[in-house]
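Let me begin by presenting the structure, written as structure tokens, before commenting on it.
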Amino acid sequence: MTAAAVVSHDDAQGDVAPHVLRLVTELRTVTDVVVVAARSHLSPTGTARLDGQARVVGAGGAGHTVAAWRTALASGLLPESGLDRLLLVDDSLVGPLVPLAEVLPGLPVGLRGLAAQQGPVPHLDFRLLDCGPTILRDPMLGAFWVGVDDLGDQPATAQRLAGDLCRWARAAGHAVRSVPPSAVLPFRALDGIRFAGAGRGRLLAGLEKEFPSAFAGVRSYLDRTDAAHGVRTHHAAGAASPAASS
Amino acid sequence: MVLERVVKAVLPEAVSKRLSVARARARDVRTIVSSHLFDADWYAWQTGRRWRSRGEAVSHYVFVGRRRGLSPHPLFEASWFDQSGWHSSSTDPYARLLRGEAGAGAHPWFDAEEWTAGHEGARGHRFGPYGHFLSITHEDTIMPRAVGAPGPPGLTWGQMLERRRAETSAWARQEALVDLARTTRHHDWAADREYVARWSRTPLPEVPGDGPLVTVVMPVRNRATTVLAAIASVRSQTLQDWELVVVDDGSTDATAAVVEVVTRHEPRVRLVRAEHAGVSAARNLAADHARGEYLAWLDSDNVWTPTFLRTSLSALHAAGGRVGYAQSQLVAAGGVVRYRSLDAGVEALEVRNHVDLNVLVAQRGLVEEVGGFDESLRRTVDHDLAWRVGRRATLHHLPFVGVVYDDEEKVAEERVTTRELRAWREVVRSKNLVDWEALDAGLADRVAGRTSVVLAARTGWRPAWDSVASVLAATDKDGGEVEVVVVDSGMRRGDGAVLRALCAGDDRVRIRRLASTGYTALAWNFGLPHTTGDVVVLLDEGGQVQTGCLQGLQGALADPGVTAAQPLVIDPGGAIGSGGALFNGLDPLPEIFLSDFPLDDASRLSPIADVDASWGPVVAVRTVDLVRLRGVDCRYANGWETTDTSLRLGAPEGGRTVLVTRSHVITAGAADARPGDVEREATNRSVFRDTWRVRPAGERARLWGQLGFEVARPVTVEARGGTRDVRRPSPVLVRPARPADGHNRPCLRWSIRTATPFGKEAGRWGDLHFARSLAAALERLGQQVVVDYRTTLDRSSGQLDDVVVALRGRVAVPVQTGSVNLLWVISHPGLVSREEAAAYSAVFAAGPAWAEAACARWGLEVQPLLQATDSRRFGPDAGAPGNGEQVLFVGNSRNVYRPVVRHLVEAGVPVAVYGGRWEQFLPAGHLRGDHVDNEQLARFYREAGVVLNDHWAQMRSEGFVSNRLFDAAASGARVVSDDVAGAEELFGGLVRVYRSPGELVELVRRHRQVFPDDDERRAVADRVRAEHSFDARAQTLVESALSLRGSPAGR
């Protein structure tokens, strides 16, 4: 079995934040190779942090996560064929808080991930898609990547494309499953915290208290990258660093 | 009471109001239930429900049914009883009738007065004449109706019931289609699975040749990743004998490349690349490439359930059908699931679409027979196709889910929905509801010379009936062959029922009902097949056709070069609403010709004047032309249809649109604000702009030139009328100075402003005749004159008037900024204040005594200017003395027993009275008529033995000699009048005044002795006509205006 993971990475200052490093480390426990697709230029410090952990491919033209994955897949850094498992991941995840092998045990039957929309026709969240061998061997998956454009409004575009991928997989007869809620809990999407508004400080403080190791460094990462994400004011009352305030 | 006060004090106002409404309703229910006059069967028929008890049905009626226009009894319509608030009032009209409260009556076919006149005791019945009638009526009872009341003559109770039931049952059938729920919350999945399983085992249709069983048609544009799911759902079908033709409709993304990749792995998929031409063109192109026996359509953002093709085609084949449709599952945001499932066939398509194209399968030959998709439609193309195939072959409903729409797809669907006009649905309905081919075939059989008025009835029975009644009344006067087709376009049941009742009995009127619309254009098109004339007049509700109108329009269309004829559209206040549309060469939107100008301006145009297009709620066209156009463009929502139609009619061969200036239609509201359409104006304009772009300037300069105006600047915009928030092009006009024809003075534009309200009663106002006579005299002096009504005093075109003559009677007339304003007080001087007088450039008064006093009191110049007579109308040659009434009085009672009449009647003198509101005063034998036509008045005066006259008390004391004295004296009559200062001196023995009742009787009895002989009377009459004519007064006014125009005080 050959398993690989592709992480779409975007850090305005070219660094690799601690939570990303922990994510890569965790992915290495279930895959043979991890490729980081860097949507922004990676500084020597950042590159050094990943040294020996992941292969890095420049994906500067990718305007959104899915385009970054496509760049990585076309880079030749992954095995040409015979992949049994491919994890497509976005760096805005914090976690997992428990070992990944427990959250996503074994090989996926078709496509699995975190639920973006519950109900009779669930969609998966674009931040983590776990593709199994049947999907990876479906020739139509290649057509999907042909259709992925570089431009778009991240993360809306990424979510729309993830929706298209799920819909195709389901229509083509592949199983599409969301992981059970208990497995979803360990993950936190950074955008949800970054744009939490006035409650951000309290939310972060709670998470830091509950999951100290997973959230170590998250607050300073958010603060130093807020401006690049269009967050203009510093929300957190009593926050540790006002670096991103303007 | 105490409790009520406490409750009121404690509860918030809204709650306490709701409580009081609830109490009122409960009382209404009790009243109706206890009356036993609620017809439960009749009500159940309307609702389509069986009620457990009478009480339950009555409650439903009071709380719900009445507002929907339902009726509690065949002999009651709430919309007739309470004509203004029948669906909104808090108390129920039926309960009010039963409680004996006042209203217009139970039904147009039941006249309570008539019934009471023939049945003693009817009034004493517990429920009045209504209850009495119902207690004794039987099948053959003739419905009590007043003479001349609308409705069928000699109708019996039995016939009435029969008619009412038939009409209600037709209504109920239509409403059942409107009420059909397109979606349901529940689906029988067990039955669905059983159905799918059953048809998965049955044989499929045999296919001749080597083509596949079915071709799947999929248009796609810019959905590079989305399309894959749709294609996958085709590949996953349990039926394998298919081909998929994907037409790329000019995508600018990687869509074509994606499909190309698919075709490399799946030979049954073909890609056709095309220039962007829209979804219908793409689907038709795919069908051109199809080889399958059947066609199925799948949008690029939808997916089928795997058994869709197998189940549909097997089931359809087994049923021997050519076209069928399955069901859809709709998953909304939040996971709410609904099912689109309606086994309602083609009839329900008349109201709205219930067939989803993504679950439709049809024989390819059938689709080819109907010509595929209509590429001119921008929306509801699927409705159109389903309808057209449904009219040709039975639509088979296949009860299983064939497609699932999840939330995102629904959002996508709504995007299409909001991008294009809702009115496209009406376009599709017009295409399919009207059998245009049959209309083509029947054109030769149209009755030459017959005018068919097609009336759109949309909002209520009243405006529609006003229009119908106006057409019938005009036709009764004018003659000619006229029919009226009324299209009840989805009015509430009660409104439709009353309109039907009013129109019944006149076989010139036919009513057809169209479910669920409210759009004029569709109503007009829908009415066309029910017409038989060779000329069609399209009329929106509320437009009242005046005498001579239809004949004028028909006459204009006799010219083969004319393709559209429009009447002068007049606002309710009497200003012109529209005289057609004119283009200025810069703006795609037209100017409305003569909008807000007085009626007199139109009379200066030629009787039939070319305009650039029609504008307003009415236009006349030849039926053959309108059928060739396939009717009015239904994209327009209650506005702009006539303009567009006239342009389309003219487009191919240069057909002209004309304004028929003597054809008048008075609208119920402002001509540019038809009922319920103001909010749609912006959309209509945008459709019009897209369709017509900028057109060259046409008749604009020539038409305004005929009225003496030049268009100063190319274009400007201004807000006006009912659509104050919408700006439209409007010309800036100037009136260049020019000399009056044949006179050594300039021709000025004059407005004579009166207090006369516009309408049928205007002719009874003396002020109006006075104004008309003065206007004619001014025009003889080479002036341009218009007469204004009380309701046109604020017209925006007033700024073009050089001189305003305010005829001051009972109502003050505002001054016009920038004009010479002349005030002429001709009556009611006590109402004029110094402040009012001071606002004018000059003041005249018909009472010399008052003028002198006012001068002294106010320190303003007030010049005496007596009333006058129309010397062309009043003269001694109007008749032969002695041929008329011995003692004549012409005038209304003014609701008092006028002493000049009373004293003589009481003295036994045979006074003949012509005038209104005299019935309450005069003994029998004196009242001869309610008025004398102005044209006949001179003869009446001349031929009478003696003419009586009097004045309002103040007029008499202030020396305001009435114009009746001038008219009668100019006719050479003998006149006895009350004592007004100066009258005997003015009229040289033709007028004798009395100071006591005895003197009055004496003067009248001895009139042959006390008045001069006829030769002398003639001589005096001629002198009065020379000195006191309107021409003389006009001369004075012109001189005054000209001198004022030159002075600073004049402006």
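Following the order of the structure tokens, chains are lettered A, B, ..., residues in each are numbered from 1, and ligands are numbered from 1.
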
Counting only C-alpha atoms, which residues of chain A fall within 10 Å of chain B, and what is the closest atom pair for each with its distance in Å at one decimal, ordered by chain and rising number, as CSV?
```
residue,atom,partner,partner_atom,distance
A:Gln117,CA,B:Gly334,CA,8.3
A:Gln118,CA,B:Gly335,CA,7.3
A:Gly119,CA,B:Gly335,CA,4.9
A:Pro120,CA,B:Gly335,CA,6.5
A:Val121,CA,B:Asp406,CA,6.5
A:Pro122,CA,B:Asp406,CA,9.1
A:His123,CA,B:Asp406,CA,9.8
A:Pro139,CA,B:His265,CA,7.3
A:Met140,CA,B:Val262,CA,6.4
A:Leu141,CA,B:Leu228,CA,9.2
A:Gly142,CA,B:Val261,CA,7.8
A:Ala143,CA,B:Val258,CA,5.1
A:Phe144,CA,B:Thr225,CA,5.6
A:Trp145,CA,B:Thr225,CA,8.1
A:Val146,CA,B:Val258,CA,5.9
A:Gly147,CA,B:Ala224,CA,4.8
A:Val148,CA,B:Thr225,CA,6.7
A:Asp149,CA,B:Ala254,CA,7.7
A:Arg160,CA,B:Glu408,CA,9.1
A:Leu161,CA,B:Thr225,CA,7.1
A:Ala162,CA,B:Thr225,CA,9.7
A:Gly163,CA,B:Thr226,CA,8.6
A:Asp164,CA,B:Thr226,CA,5.2
A:Leu165,CA,B:Thr225,CA,7.6
A:Cys166,CA,B:Ala229,CA,8.5
A:Arg167,CA,B:Ala229,CA,5.6
A:Trp168,CA,B:Ala229,CA,3.7
A:Ala169,CA,B:Ala229,CA,7.2
A:Arg170,CA,B:Ala229,CA,7.8
A:Ala171,CA,B:Ser233,CA,4.8
A:Ala172,CA,B:Ala232,CA,4.8
A:Gly173,CA,B:Ser236,CA,6.9
```

At a cut-off of 10 Å, using only C-alpha atoms, what residues contact Arg28 in chain A? Leave out same-chain residues fewer than 6 positions from it and give the result as a ChimeraX atom specification.
/A:3-5,22,34,53-54,100

Please identify which residues in range 248-439 of chain B DSSP calls alpha helix (DSSP H) from the backbone, and express them as a PyMOL selection string.
chain B and resi 255-265+279-288+308-318+345-348+364-369+381-392+407-419+424-433+436-439

I'd like the neighbourhood of Ala854 in chain B as a PyMOL selection string, where a residue qualifies if any of its atoms comes within 10 Å (using only C-alpha atoms), though same-chain residues fewer than 4 positions away should be ignored.
chain B and resi 829+832-834+837+845+848-850+858-863

DSSP on the backbone: which residues in range 4-224 of chain A end up as strand (DSSP E or B)? Give the answer as a PyMOL selection string.
chain A and resi 4-9+33-38+55-58+85-90+93-94+111-117+123-131+176-178+188-189

Compile the contact shell of Ser43 in chain A as a PyMOL selection string: residues with an atom at most 6 Å away, counting only C-alpha atoms, same-chain residues fewer than 2 positions apart removed.
chain A and resi 14+45-46

Surrounding residues of Thr817 in chain B excluding itself and chain neighbours under 5 positions, 12 Å, only C-alpha atoms, as an MDAnalysis selection string:
chainID B and resid 794 796:804 839:841 1050:1051

Hey, what's within 9 Å of range 490-499 of chain B if we count only C-alpha atoms and toss same-chain stuff fewer than 2 positions away? As an NGL selection string, please?
:B and (66-71 or 77-80 or 107-108 or 164 or 167-168 or 171 or 457-462 or 464-465 or 487-488 or 501-504 or 511 or 513-518)

Selection from above, N, CA and C atoms, as a short mmCIF file (atom, residue, chain, number, x, y, z; two decimals), in the first residue's frame, can you write it?
```cif
data_model
loop_
_atom_site.label_atom_id
_atom_site.label_comp_id
_atom_site.auth_asym_id
_atom_site.auth_seq_id
_atom_site.Cartn_x
_atom_site.Cartn_y
_atom_site.Cartn_z
N ARG B 66 -64.51 34.71 3.07
CA ARG B 66 -64.96 36.00 2.53
C ARG B 66 -63.82 36.75 1.86
N ARG B 67 -62.64 36.71 2.50
CA ARG B 67 -61.50 37.43 1.94
C ARG B 67 -61.05 36.85 0.61
N ARG B 68 -61.34 35.58 0.41
CA ARG B 68 -61.00 34.97 -0.88
C ARG B 68 -62.11 35.15 -1.91
N GLY B 69 -63.18 35.84 -1.48
CA GLY B 69 -64.26 36.12 -2.43
C GLY B 69 -65.32 35.04 -2.47
N LEU B 70 -65.36 34.18 -1.46
CA LEU B 70 -66.38 33.12 -1.45
C LEU B 70 -67.71 33.69 -0.96
N SER B 71 -68.78 33.03 -1.35
CA SER B 71 -70.11 33.58 -1.09
C SER B 71 -70.89 32.64 -0.17
N GLU B 77 -73.47 38.46 -2.74
CA GLU B 77 -72.06 38.68 -3.06
C GLU B 77 -71.57 39.84 -2.21
N ALA B 78 -70.60 39.59 -1.38
CA ALA B 78 -70.07 40.63 -0.50
C ALA B 78 -69.51 41.81 -1.30
N SER B 79 -68.94 41.51 -2.47
CA SER B 79 -68.31 42.58 -3.26
C SER B 79 -69.36 43.53 -3.84
N TRP B 80 -70.62 43.09 -3.86
CA TRP B 80 -71.69 43.97 -4.31
C TRP B 80 -72.26 44.75 -3.12
N HIS B 107 -77.32 41.28 -4.21
CA HIS B 107 -76.80 40.79 -5.48
C HIS B 107 -77.34 41.70 -6.57
N PRO B 108 -76.61 41.89 -7.67
CA PRO B 108 -77.10 42.80 -8.71
C PRO B 108 -78.46 42.39 -9.28
N ARG B 164 -75.78 30.51 -11.52
CA ARG B 164 -74.79 30.73 -10.46
C ARG B 164 -73.99 29.45 -10.21
N GLU B 167 -71.51 28.85 -13.11
CA GLU B 167 -70.37 29.79 -13.09
C GLU B 167 -69.42 29.44 -11.94
N THR B 168 -70.00 29.06 -10.81
CA THR B 168 -69.16 28.73 -9.67
C THR B 168 -68.40 27.43 -9.89
N TRP B 171 -65.48 28.14 -12.06
CA TRP B 171 -64.46 28.83 -11.28
C TRP B 171 -63.70 27.84 -10.39
N ALA B 457 -59.72 42.59 -17.27
CA ALA B 457 -60.27 42.86 -15.94
C ALA B 457 -59.36 42.20 -14.92
N ARG B 458 -58.73 43.02 -14.11
CA ARG B 458 -57.66 42.46 -13.27
C ARG B 458 -57.87 42.66 -11.79
N THR B 459 -58.34 43.85 -11.39
CA THR B 459 -58.27 44.16 -9.96
C THR B 459 -59.61 44.08 -9.23
N GLY B 460 -60.70 44.29 -9.92
CA GLY B 460 -62.00 44.25 -9.25
C GLY B 460 -63.09 44.50 -10.27
N TRP B 461 -64.35 44.24 -9.87
CA TRP B 461 -65.41 44.34 -10.87
C TRP B 461 -65.69 45.78 -11.27
N ARG B 462 -65.45 46.73 -10.36
CA ARG B 462 -65.88 48.10 -10.61
C ARG B 462 -65.20 48.74 -11.83
N ALA B 464 -63.71 47.33 -14.28
CA ALA B 464 -64.04 46.58 -15.49
C ALA B 464 -65.46 46.94 -15.95
N TRP B 465 -66.37 47.00 -14.98
CA TRP B 465 -67.76 47.30 -15.35
C TRP B 465 -67.88 48.73 -15.87
N VAL B 487 -61.89 39.73 -20.30
CA VAL B 487 -61.07 38.63 -19.78
C VAL B 487 -60.87 38.87 -18.29
N ASP B 488 -61.54 38.04 -17.52
CA ASP B 488 -61.37 38.07 -16.06
C ASP B 488 -60.04 37.38 -15.79
N ALA B 501 -72.68 39.00 -13.41
CA ALA B 501 -74.08 39.33 -13.19
C ALA B 501 -74.44 40.62 -13.92
N LEU B 502 -73.55 41.59 -13.87
CA LEU B 502 -73.84 42.88 -14.49
C LEU B 502 -73.85 42.78 -16.02
N CYS B 503 -72.96 41.94 -16.55
CA CYS B 503 -72.83 41.85 -18.01
C CYS B 503 -73.87 40.91 -18.62
N ALA B 504 -74.42 40.01 -17.81
CA ALA B 504 -75.37 39.02 -18.34
C ALA B 504 -76.56 39.75 -18.93
N ILE B 511 -67.69 37.02 -21.30
CA ILE B 511 -66.62 37.02 -20.29
C ILE B 511 -65.90 35.68 -20.35
N ARG B 513 -62.59 33.55 -18.45
CA ARG B 513 -61.74 33.64 -17.27
C ARG B 513 -60.39 32.96 -17.51
N LEU B 514 -59.38 33.62 -17.01
CA LEU B 514 -58.01 33.14 -17.14
C LEU B 514 -57.50 33.00 -15.71
N ALA B 515 -57.08 31.79 -15.35
CA ALA B 515 -56.66 31.60 -13.96
C ALA B 515 -55.29 32.23 -13.72
N SER B 516 -55.15 32.81 -12.56
CA SER B 516 -53.84 33.23 -12.07
C SER B 516 -53.02 34.05 -13.06
N THR B 517 -53.41 35.31 -13.25
CA THR B 517 -52.49 36.16 -14.00
C THR B 517 -52.44 37.54 -13.42
N GLY B 518 -53.21 38.47 -13.93
CA GLY B 518 -53.09 39.84 -13.46
C GLY B 518 -52.30 40.67 -14.44
#
```

Using only C-alpha atoms, find the one residue out of B:Val627, B:Leu605, B:Met955, B:Ala290 that sits nearest to Glu437 in chain B.
B:Val627

Find the residues near Arg182 in chain B: any atom within 8 Å, counting only C-alpha atoms, skip ones fewer than 5 places away on the same chain, and give them as a ChimeraX atom specification.
/B:340-342,354

Filtering to C-alpha atoms, could you give me those residues as a PDB file, in the first residue's frame?
```pdb
ATOM      1  CA  ARG B 340     -42.146  17.686  -6.813  1.00  0.00           C
ATOM      2  CA  SER B 341     -44.873  15.402  -7.856  1.00  0.00           C
ATOM      3  CA  LEU B 342     -48.038  16.323  -9.657  1.00  0.00           C
ATOM      4  CA  HIS B 354     -45.121  21.187 -12.852  1.00  0.00           C
TER       5      HIS B 354
END
```

Considering only C-alpha atoms, state which residue in the set A:Thr47, A:Ser178, A:Asp226, A:Met1 is at the smallest distance from Asp15 in chain A.
A:Thr47

Pairwise distance for CA of Ala907 in chain B and CA of His951 in chain B, rounded to one decimal in Å:
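CA of Ala907 in chain B sits 20.9 Å away from CA of His951 in chain B.
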
Which distance in Å separates CA of Gly879 in chain B and CA of Gly945 in chain B, to one decimal?
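So the two atoms, CA of Gly879 in chain B and CA of Gly945 in chain B, lie 12.2 Å apart.
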
Between CA of Arg689 in chain B and CA of Val381 in chain B - distance in Å to one decimal
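Pair CA of Val381 in chain B / CA of Arg689 in chain B returns 23.0 Å.
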
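Among the candidate residues B:Val428, B:Val624, B:Ala775, B:Leu330, the one lying nearest to Arg185 in chain B is B:Leu330, with distances computed using only C-alpha atoms.
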